[in-house]
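**Q** What follows is upload-v9.cif; its format and atoms are mmCIF, C-alpha atoms and all ligand atoms.
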```cif
data_target
#
loop_
_atom_site.label_atom_id
_atom_site.label_comp_id
_atom_site.auth_asym_id
_atom_site.auth_seq_id
_atom_site.Cartn_x
_atom_site.Cartn_y
_atom_site.Cartn_z
CA MET A 1 -19.47 -33.39 38.92
CA LYS A 2 -22.48 -34.33 36.87
CA LYS A 3 -21.83 -36.24 33.67
CA GLY A 4 -23.53 -33.49 31.63
CA SER A 5 -21.26 -30.72 32.93
CA LYS A 6 -18.15 -32.88 32.36
CA ILE A 7 -19.14 -33.33 28.71
CA LEU A 8 -19.70 -29.58 28.45
CA ILE A 9 -16.19 -28.85 29.78
CA TYR A 10 -14.64 -31.35 27.31
CA LEU A 11 -16.59 -29.71 24.51
CA VAL A 12 -15.42 -26.21 25.44
CA VAL A 13 -11.79 -27.37 25.72
CA PHE A 14 -12.10 -29.11 22.34
CA LEU A 15 -13.57 -25.99 20.70
CA VAL A 16 -10.87 -23.74 22.17
CA PHE A 17 -8.27 -26.20 20.84
CA ILE A 18 -9.85 -26.11 17.37
CA TYR A 19 -9.96 -22.29 17.45
CA PHE A 20 -6.25 -22.01 18.27
CA LEU A 21 -5.48 -24.62 15.61
CA VAL A 22 -7.40 -22.55 13.05
CA ILE A 23 -5.75 -19.23 13.93
CA SER A 24 -2.29 -20.78 13.82
CA ILE A 25 -2.75 -22.51 10.43
CA VAL A 26 -5.39 -20.75 8.33
CA PRO A 27 -3.91 -17.20 8.08
CA LYS A 28 -0.73 -18.55 6.53
CA ILE A 29 -2.65 -20.64 3.99
CA VAL A 30 -4.83 -17.65 2.99
CA ASP A 31 -1.78 -15.38 2.82
CA LYS A 32 0.10 -17.81 0.55
CA GLN A 33 -2.92 -18.18 -1.72
CA HIS A 34 -3.50 -14.43 -2.12
CA ASN A 35 0.02 -13.06 -2.48
CA GLN A 36 1.82 -15.16 -5.03
CA ILE A 37 4.87 -14.29 -7.06
CA ARG A 38 5.42 -15.37 -10.63
CA THR A 39 9.14 -16.08 -10.22
CA LYS A 40 10.87 -17.18 -7.06
CA PRO A 41 14.16 -15.59 -5.89
CA PRO A 42 17.08 -15.32 -6.38
CA TYR A 43 16.66 -12.87 -9.27
CA VAL A 44 19.36 -12.43 -11.85
CA VAL A 45 20.13 -9.12 -13.55
CA SER A 46 23.17 -7.78 -15.40
CA ALA A 47 26.14 -6.67 -13.29
CA GLU A 48 25.64 -3.02 -14.39
CA SER A 49 21.96 -2.97 -13.40
CA GLN A 50 22.74 -4.58 -10.05
CA GLU A 51 25.51 -2.07 -9.40
CA LEU A 52 23.24 0.84 -10.30
CA TYR A 53 20.53 -0.56 -8.03
CA ASP A 54 22.92 -1.16 -5.12
CA ASN A 55 24.18 2.41 -5.40
CA LEU A 56 20.72 3.99 -5.23
CA SER A 57 20.75 5.93 -1.99
CA PHE A 58 16.99 5.90 -1.40
CA ILE A 59 14.55 3.36 -2.82
CA ALA A 60 10.87 3.79 -1.98
CA ASP A 61 7.64 1.98 -2.68
CA MET A 62 4.37 3.74 -1.90
CA HIS A 63 1.95 0.83 -1.49
CA CYS A 64 1.92 -2.58 0.14
CA ASP A 65 -0.78 -4.38 2.11
CA ALA A 66 1.48 -6.70 4.11
CA LEU A 67 -0.19 -5.74 7.42
CA LEU A 68 -3.46 -7.37 6.38
CA TRP A 69 -2.17 -10.92 6.67
CA LYS A 70 -0.97 -11.04 10.27
CA ARG A 71 2.42 -12.14 8.97
CA ASP A 72 5.43 -11.72 11.21
CA LEU A 73 7.19 -8.99 9.26
CA LEU A 74 10.37 -9.37 11.31
CA ASN A 75 10.76 -12.85 9.88
CA ASP A 76 12.40 -13.59 6.50
CA ASN A 77 9.31 -15.53 5.38
CA ASP A 78 9.38 -18.04 2.53
CA PHE A 79 6.02 -16.69 1.32
CA GLY A 80 4.49 -13.28 0.69
CA GLN A 81 6.08 -10.37 -1.13
CA VAL A 82 7.38 -8.04 1.62
CA ASP A 83 8.88 -8.34 5.08
CA ILE A 84 11.51 -6.29 6.90
CA PRO A 85 14.50 -8.61 6.30
CA LYS A 86 13.64 -8.62 2.56
CA MET A 87 13.32 -4.81 2.58
CA ILE A 88 16.80 -4.52 4.06
CA LYS A 89 18.18 -7.08 1.63
CA ALA A 90 16.57 -5.11 -1.23
CA ASN A 91 18.14 -1.80 -0.13
CA ILE A 92 14.70 -0.27 0.53
CA GLY A 93 14.74 3.12 2.22
CA LEU A 94 11.01 3.43 2.69
CA GLN A 95 7.95 1.25 2.25
CA ALA A 96 4.39 2.54 2.60
CA PHE A 97 2.26 0.10 4.62
CA THR A 98 -1.35 0.64 3.64
CA ILE A 99 -4.22 -0.66 5.71
CA VAL A 100 -7.21 -2.53 4.31
CA THR A 101 -10.26 -2.74 6.61
CA LYS A 102 -13.06 -4.04 4.41
CA SER A 103 -13.32 -5.69 1.00
CA PRO A 104 -16.39 -7.12 -0.73
CA LYS A 105 -16.95 -10.80 -1.40
CA ASP A 106 -16.38 -11.73 -5.08
CA GLN A 107 -14.33 -8.56 -5.40
CA ASN A 108 -14.01 -7.47 -9.04
CA PHE A 109 -12.87 -4.39 -10.96
CA ASP A 110 -16.24 -3.38 -12.43
CA LYS A 111 -19.03 -3.39 -9.88
CA ASN A 112 -19.09 -4.10 -6.14
CA THR A 113 -21.39 -3.12 -3.32
CA GLY A 114 -20.38 -2.64 0.31
CA ASP A 115 -23.00 -5.14 1.50
CA THR A 116 -20.56 -7.98 2.09
CA ASP A 117 -17.15 -8.13 3.71
CA ASN A 118 -14.30 -10.59 3.34
CA ILE A 119 -12.14 -9.02 6.02
CA SER A 120 -14.51 -10.00 8.86
CA SER A 121 -13.96 -13.70 8.21
CA LEU A 122 -10.24 -13.17 7.57
CA PHE A 123 -9.85 -11.34 10.88
CA LEU A 124 -11.86 -14.05 12.65
CA ALA A 125 -9.57 -16.74 11.23
CA GLN A 126 -6.55 -14.66 12.30
CA GLY A 127 -7.82 -14.38 15.86
CA ARG A 128 -8.05 -10.59 15.46
CA PRO A 129 -11.05 -8.62 16.80
CA THR A 130 -13.50 -7.85 14.01
CA SER A 131 -15.57 -5.11 15.66
CA SER A 132 -15.27 -1.69 14.02
CA LEU A 133 -13.38 -0.73 10.87
CA THR A 134 -11.53 2.01 12.76
CA LYS A 135 -10.42 -0.56 15.33
CA ARG A 136 -9.22 -2.86 12.52
CA ALA A 137 -7.11 0.03 11.22
CA ILE A 138 -5.73 0.97 14.65
CA LEU A 139 -4.78 -2.65 15.27
CA GLN A 140 -2.72 -2.76 12.06
CA CYS A 141 -1.05 0.58 12.96
CA LYS A 142 -0.12 -0.82 16.36
CA GLU A 143 1.27 -3.97 14.79
CA LEU A 144 3.60 -1.95 12.54
CA HIS A 145 4.77 0.16 15.50
CA GLY A 146 5.30 -3.12 17.38
CA PHE A 147 7.52 -4.49 14.60
CA ALA A 148 9.58 -1.28 14.79
CA GLU A 149 9.96 -1.63 18.57
CA ARG A 150 11.10 -5.24 18.27
CA SER A 151 13.37 -4.68 15.26
CA GLU A 152 16.46 -3.72 17.33
CA GLY A 153 16.79 -0.46 15.43
CA LYS A 154 16.57 -2.03 11.97
CA PHE A 155 13.14 -0.62 11.15
CA ARG A 156 11.25 2.53 12.12
CA VAL A 157 7.90 4.10 11.33
CA VAL A 158 8.29 7.74 10.27
CA ILE A 159 5.49 10.20 10.96
CA SER A 160 7.09 13.58 10.28
CA SER A 161 9.53 15.17 7.85
CA GLU A 162 11.94 15.64 10.74
CA GLU A 163 11.90 11.90 11.52
CA LEU A 164 12.36 11.12 7.84
CA SER A 165 15.24 13.52 7.63
CA ASN A 166 16.89 11.92 10.70
CA PHE A 167 16.35 8.48 9.22
CA ILE A 168 17.99 9.55 5.96
CA SER A 169 21.09 10.81 7.74
CA ASP A 170 21.27 7.65 9.92
CA ARG A 171 20.95 5.52 6.82
CA LYS A 172 23.95 7.28 5.26
CA LYS A 173 26.03 5.71 8.05
CA ASP A 174 24.40 2.27 7.87
CA LYS A 175 22.33 1.16 4.89
CA ARG A 176 21.02 -1.91 6.74
CA ILE A 177 18.06 -0.02 8.19
CA SER A 178 14.68 0.63 6.64
CA ALA A 179 11.56 2.68 7.31
CA GLY A 180 7.82 2.57 6.80
CA ILE A 181 4.97 5.05 6.66
CA LEU A 182 1.36 4.21 7.40
CA GLY A 183 -1.49 4.71 4.96
CA VAL A 184 -5.13 3.67 4.85
CA GLU A 185 -6.81 2.17 1.80
CA GLY A 186 -10.43 3.35 1.84
CA ALA A 187 -11.74 5.92 4.32
CA HIS A 188 -14.64 3.68 5.36
CA ALA A 189 -11.96 3.00 8.00
CA LEU A 190 -13.36 6.14 9.67
CA ASP A 191 -16.61 4.27 10.51
CA GLY A 192 -18.40 7.31 9.06
CA LYS A 193 -17.04 9.69 11.72
CA ILE A 194 -14.90 12.67 10.80
CA GLU A 195 -13.28 12.73 14.25
CA ASN A 196 -11.67 9.40 13.40
CA VAL A 197 -9.37 11.18 10.92
CA GLN A 198 -7.61 12.55 14.00
CA VAL A 199 -7.71 9.12 15.68
CA LEU A 200 -5.96 7.50 12.71
CA TYR A 201 -3.51 10.41 12.53
CA ASP A 202 -2.69 9.93 16.21
CA ASN A 203 -1.94 6.28 15.45
CA GLY A 204 0.59 7.34 12.82
CA VAL A 205 -1.45 7.31 9.60
CA ARG A 206 -0.09 9.89 7.15
CA MET A 207 -1.85 8.97 3.90
CA MET A 208 -5.39 7.84 3.07
CA SER A 209 -7.46 7.09 -0.02
CA ALA A 210 -11.12 8.09 -0.07
CA VAL A 211 -12.42 4.73 -1.27
CA HIS A 212 -11.35 1.17 -2.02
CA PHE A 213 -13.40 -1.42 -3.94
CA PHE A 214 -16.93 -0.15 -3.14
CA ASP A 215 -18.78 3.17 -2.79
CA ASN A 216 -18.59 4.43 0.79
CA LYS A 217 -19.84 7.42 2.76
CA LEU A 218 -17.16 9.62 1.14
CA GLY A 219 -18.04 8.87 -2.45
CA SER A 220 -17.74 6.60 -5.48
CA SER A 221 -15.15 3.95 -6.17
CA ALA A 222 -14.01 3.10 -9.71
CA HIS A 223 -15.23 -0.41 -8.85
CA GLY A 224 -18.49 0.59 -7.16
CA VAL A 225 -22.07 0.93 -8.38
CA LYS A 226 -22.87 4.65 -8.57
CA LYS A 227 -19.77 5.98 -10.40
CA GLU A 228 -20.57 9.43 -9.04
CA GLY A 229 -18.27 11.80 -7.15
CA LEU A 230 -17.46 12.93 -3.64
CA THR A 231 -20.26 13.44 -1.07
CA GLU A 232 -20.44 16.40 1.31
CA PHE A 233 -19.01 14.11 4.00
CA GLY A 234 -16.22 13.14 1.60
CA LYS A 235 -15.40 16.80 1.01
CA SER A 236 -15.19 17.52 4.74
CA VAL A 237 -12.91 14.48 5.26
CA ILE A 238 -10.54 15.67 2.51
CA LEU A 239 -10.43 19.14 4.08
CA LYS A 240 -9.73 17.65 7.51
CA MET A 241 -6.92 15.53 6.03
CA VAL A 242 -5.41 18.57 4.32
CA SER A 243 -5.53 20.52 7.60
CA LEU A 244 -3.49 17.74 9.25
CA ASP A 245 -1.02 17.41 6.33
CA MET A 246 -2.30 13.89 5.73
CA ILE A 247 -1.56 12.89 2.13
CA VAL A 248 -4.63 12.50 -0.09
CA ASP A 249 -4.46 9.33 -2.20
CA ILE A 250 -6.82 8.95 -5.17
CA ALA A 251 -6.14 5.27 -5.88
CA HIS A 252 -9.37 3.36 -6.64
CA CYS A 253 -11.47 6.55 -6.96
CA ALA A 254 -14.09 6.87 -9.70
CA PRO A 255 -13.10 9.55 -12.28
CA LYS A 256 -15.74 11.96 -10.95
CA THR A 257 -14.48 11.46 -7.38
CA ILE A 258 -10.99 12.38 -8.59
CA ASP A 259 -12.35 15.55 -10.25
CA ASP A 260 -14.18 16.48 -7.06
CA ILE A 261 -11.05 15.99 -4.93
CA PHE A 262 -9.17 18.39 -7.21
CA GLU A 263 -12.03 20.86 -6.67
CA VAL A 264 -11.72 20.62 -2.88
CA THR A 265 -7.95 20.97 -2.61
CA ASN A 266 -5.03 22.31 -4.63
CA GLY A 267 -3.03 19.32 -3.57
CA PRO A 268 -0.63 17.74 -3.44
CA ILE A 269 -2.49 14.61 -4.56
CA ILE A 270 -0.96 11.20 -5.09
CA SER A 271 -2.03 7.89 -6.50
CA SER A 272 -0.25 5.35 -4.31
CA HIS A 273 -0.64 2.39 -6.72
CA THR A 274 -1.93 2.77 -10.21
CA GLY A 275 -1.57 2.03 -13.87
CA VAL A 276 -2.12 4.48 -16.71
CA ARG A 277 -4.73 4.22 -19.45
CA GLY A 278 -2.05 5.14 -22.00
CA THR A 279 -0.47 1.68 -21.65
CA CYS A 280 -3.30 -0.30 -20.04
CA ASP A 281 -6.90 0.78 -20.55
CA SER A 282 -8.48 -0.49 -17.34
CA VAL A 283 -11.14 1.02 -15.09
CA ARG A 284 -8.68 1.39 -12.19
CA ASN A 285 -6.12 3.34 -14.22
CA LEU A 286 -5.53 7.06 -14.65
CA SER A 287 -6.36 9.07 -17.77
CA ASP A 288 -3.83 11.52 -19.22
CA ARG A 289 -5.96 14.36 -17.88
CA HIS A 290 -5.72 13.05 -14.33
CA LEU A 291 -2.00 12.33 -14.67
CA ARG A 292 -1.47 15.98 -15.63
CA ALA A 293 -3.67 17.16 -12.75
CA ILE A 294 -1.59 15.14 -10.23
CA ALA A 295 1.65 16.58 -11.60
CA ASN A 296 0.20 20.11 -11.50
CA SER A 297 -0.75 19.58 -7.85
CA GLY A 298 2.87 18.72 -6.99
CA GLY A 299 1.90 15.11 -6.31
CA ILE A 300 3.29 11.79 -7.46
CA ILE A 301 2.04 8.92 -9.60
CA CYS A 302 3.15 5.57 -8.20
CA ILE A 303 3.12 2.80 -10.78
CA ALA A 304 2.00 -0.66 -9.71
CA MET A 305 3.18 -4.14 -10.64
CA PHE A 306 0.20 -6.37 -11.40
CA GLU A 307 -1.85 -7.42 -14.41
CA GLU A 308 -4.90 -5.11 -14.06
CA ALA A 309 -2.69 -2.05 -13.54
CA VAL A 310 -0.01 -2.46 -16.19
CA CYS A 311 -1.42 -5.21 -18.46
CA GLY A 312 1.40 -7.61 -17.68
CA ILE A 313 3.06 -9.37 -14.78
CA ASP A 314 6.62 -8.43 -15.54
CA ALA A 315 9.09 -5.63 -14.89
CA ALA A 316 8.82 -4.49 -18.53
CA ALA A 317 5.10 -3.69 -18.20
CA THR A 318 5.73 -1.54 -15.11
CA ALA A 319 8.69 0.21 -16.74
CA ARG A 320 6.55 0.91 -19.82
CA ALA A 321 3.88 2.66 -17.70
CA MET A 322 6.62 4.65 -15.93
CA LYS A 323 8.02 5.76 -19.30
CA TYR A 324 4.62 6.78 -20.63
CA THR A 325 3.88 8.83 -17.49
CA SER A 326 7.31 10.37 -17.40
CA ASP A 327 7.08 11.37 -21.10
CA LEU A 328 3.65 12.90 -20.47
CA VAL A 329 4.14 14.83 -17.22
CA GLY A 330 7.87 14.78 -16.44
CA VAL A 331 10.14 12.40 -14.57
CA ASP A 332 9.79 14.27 -11.25
CA PHE A 333 6.24 13.03 -10.73
CA VAL A 334 6.70 9.28 -11.22
CA SER A 335 7.53 6.62 -8.67
CA LEU A 336 6.84 3.05 -7.61
CA GLY A 337 3.65 1.81 -5.89
CA SER A 338 3.92 -1.94 -6.27
CA ASP A 339 0.79 -3.14 -4.42
CA PHE A 340 2.90 -5.92 -2.93
CA ASP A 341 0.82 -8.24 -0.73
CA GLY A 342 -2.36 -6.62 -2.03
CA SER A 343 -3.99 -9.92 -3.08
CA VAL A 344 -2.30 -9.68 -6.46
CA MET A 345 0.29 -11.78 -8.24
CA THR A 346 3.46 -9.76 -8.76
CA PRO A 347 6.39 -10.76 -11.00
CA PHE A 348 8.71 -11.14 -7.99
CA ASP A 349 8.96 -10.32 -4.31
CA ILE A 350 10.55 -7.06 -3.16
CA THR A 351 14.06 -8.46 -3.65
CA GLY A 352 13.37 -8.56 -7.40
CA LEU A 353 13.22 -4.77 -7.82
CA PRO A 354 16.63 -4.63 -9.60
CA LEU A 355 14.74 -6.19 -12.55
CA ILE A 356 12.70 -2.97 -12.85
CA VAL A 357 15.90 -0.94 -13.03
CA GLU A 358 17.15 -3.24 -15.79
CA GLU A 359 13.94 -2.72 -17.81
CA MET A 360 14.05 1.05 -17.20
CA LYS A 361 17.55 1.16 -18.63
CA LYS A 362 16.47 -0.87 -21.67
CA ILE A 363 13.71 1.60 -22.58
CA GLY A 364 15.90 4.65 -22.34
CA PHE A 365 15.79 6.03 -18.80
CA ASN A 366 19.16 7.44 -17.75
CA GLU A 367 20.71 6.95 -14.31
CA GLU A 368 19.46 10.26 -12.95
CA GLU A 369 15.90 9.46 -14.02
CA ILE A 370 16.06 5.95 -12.54
CA LYS A 371 17.31 7.41 -9.27
CA LYS A 372 14.34 9.79 -9.14
CA ILE A 373 11.67 7.24 -9.99
CA MET A 374 13.06 4.55 -7.71
CA GLY A 375 12.94 6.77 -4.63
CA GLU A 376 14.27 10.33 -4.78
CA ASN A 377 10.88 11.70 -5.90
CA VAL A 378 9.12 10.05 -2.94
CA LYS A 379 11.85 11.22 -0.57
CA ASN A 380 11.54 14.85 -1.71
CA PHE A 381 7.76 14.67 -1.74
CA LEU A 382 7.57 13.35 1.83
CA LEU A 383 10.22 15.71 3.18
CA LYS A 384 8.17 18.55 1.77
CA ASN A 385 4.67 17.34 2.64
CA LEU A 386 4.81 15.30 5.85
CA PRO A 387 3.90 17.31 8.96
ZN ZN B 1 -5.50 -1.21 -3.87
#
```
What does the file become when written as structure tokens?
Ligand SMILES: [Zn+2]

**A**
Amino acid sequence: MKKGSKILIYLVVFLVFIYFLVISIVPKIVDKQHNQIRTKPPYVVSAESQELYDNLSFIADMHCDALLWKRDLLNDNDFGQVDIPKMIKANIGLQAFTIVTKSPKDQNFDKNTGDTDNISSLFLAQGRPTSSLTKRAILQCKELHGFAERSEGKFRVVISSEELSNFISDRKKDKRISAGILGVEGAHALDGKIENVQVLYDNGVRMMSAVHFFDNKLGSSAHGVKKEGLTEFGKSVILKMVSLDMIVDIAHCAPKTIDDIFEVTNGPIISSHTGVRGTCDSVRNLSDRHLRAIANSGGIICIAMFEEAVCGIDAAATARAMKYTSDLVGVDFVSLGSDFDGSVMTPFDITGLPLIVEEMKKIGFNEEEIKKIMGENVKNFLLKNLP
């Protein structure tokens, strides 16, 4: 062998080694950096609050981006905010796993374009294919189904009201099982093609928001440039979703986009992770008018757990937004949409949710109301609206 070709082989082997080193180390570092918690477990609450929490028969959270980080969700990780062992420990009935496919560099809450993309480099560092946004979404769907397959019956992905109903009766016999549903955050995941709504549906997706942090082919984001409404393409996507019984999520939409969605469909509409302007006047939060419109559509308002949503990183701030919403539109339309693992600092990981119950009690929610907000509302909503 010539000396030159030997050097070339060494170089290739060295580069492959470096690549595998990167994909085994970097994702974890990035994950840890992005998904911090303010207080580490174990979390201490009063005996009464813990008892009330433990006796809740169905706890649900409608938003978490844990699939983005290529974390082994079957592992009880010492970082991140959600994984399946923690869900079971926290008595979670159902967690929505929402899929992010593209986010702008220097992401902010006021003004972003779709010209840049952080997820390409993240996927590259994770050793995941970066090709199309639809493929990025399908990959994350497959990973969640894979966790279910390898969970030895502890975790399942539900895609119909019948499956949810079966899960609920199985869980009455053994509470140490948990479920997930798949959602998509930002319909740029369709790669601009309406037929991809069906593709995502076939991969188990049952909920999707029109936009995420930038304006896309469907319409304007609250954090985009145009601040306009839904495009004709956006309208046809919403109609296609409705025809498939895919849940329409208005999280991150510009106010005009929200109005336009209510023009296209009578609902039900949800916001999977939000704050409310009544307690935290931020561009990503819902006005009283939109809160009433969601309730009138038979939808649900899922309150998040981070600074920009509730103006605080503590259980009290989230409970305050829940109380405001419940006083305004009724307790049947309020639930939890933490945004765990969504590149935000949360007050605690998922095992800290009893602290929310404690704060809810303090500000005057009774047991029946706590039961509804912590999961019964989501359960009834999904039983009624999943295909
Ligand atoms: Zn989000």

**Q** Do you know which residues are within 7 Å of ligand ZN 1 (chain B) using all atoms listed in the file? Can you write them as a list in words?

**A**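 Sorted by chain and then by number, the residues are Glu185, His212, Ala251, His252, His273, Asp339 and Gly342 of chain A.
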
**Q** Between A:Ser5, A:Asn91, A:Gln126, A:Asn377, which one has atoms that come closest to Glu51 (chain A), using all atoms listed in the file?

**A**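 Nearest candidate to Glu51 (chain A) out of A:Ser5, A:Asn91, A:Gln126, A:Asn377: A:Asn91.
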
**Q** Do a neighbour search on Ile119 (chain A) at 7 Å with all atoms listed in the file, toss out local chain neighbours closer than 5 positions, and write the hits as JSON, numbers by chain.

**A** {"A": [101, 102, 103]}

**Q** Would you put the residues from that selection into a file with C-alpha atoms, as a PDB file, keeping the file's coordinate frame?

**A**
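Ended up saving to out-v1.pdb:
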```pdb
ATOM      1  CA  THR A 101     -10.260  -2.740   6.610  1.00  0.00           C
ATOM      2  CA  LYS A 102     -13.060  -4.040   4.410  1.00  0.00           C
ATOM      3  CA  SER A 103     -13.320  -5.690   1.000  1.00  0.00           C
TER       4      SER A 103
END
```

**Q** Report, in Å with one decimal, the straight-line distance from CA of Ile159 (chain A) to CA of Leu67 (chain A).

**A**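 The value is 17.3 Å.
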
**Q** Hey, what's within 9 Å of Ser131 (chain A) if we count all atoms listed in the file and toss same-chain stuff fewer than 4 positions away? As a PyMOL selection string, please?

**A** chain A and resi 120+135-136

**Q** Which residue, A:Gly352, A:Ser160, A:Asn385, A:Ala309, has the smallest gap to Val248 (chain A) when you use only C-alpha atoms?

**A**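 Of all the options, A:Asn385 lies closest to Val248 (chain A).
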
**Q** Extract, using only C-alpha atoms, all DNA, RNA and protein residues at most 7 Å from Ser49 (chain A), discarding same-chain residues fewer than 4 positions from it, and format them as a PyMOL selection string.

**A** chain A and resi 45+53+354+357-358

**Q** Please report the interatomic distance between CA of Ser338 (chain A) and CA of Ile250 (chain A) in Å with one decimal.

**A**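 Going from CA of Ser338 (chain A) over to CA of Ile250 (chain A), I get 15.3 Å.
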
**Q** Interatomic distance between CA of Trp69 (chain A) and CA of Cys253 (chain A)?

**A**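 About the pair CA of Trp69 (chain A) and CA of Cys253 (chain A): they are 24.0 Å apart.
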
**Q** Write out as a ChimeraX atom specification each polymer residue whose atoms come within 6 Å of region 276-287 of chain A, counting only C-alpha atoms; drop sequence neighbours fewer than 2 positions from it.

**A** /A:252,274,289-290,310-311,321

**Q** In terms of the shortest atom-to-atom distance over all atoms listed in the file, which of A:Asp327, A:Glu48, A:Glu143, A:Asp245 is closest to Arg128 (chain A)?

**A**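 Under the stated criterion, the closest residue is A:Glu143.
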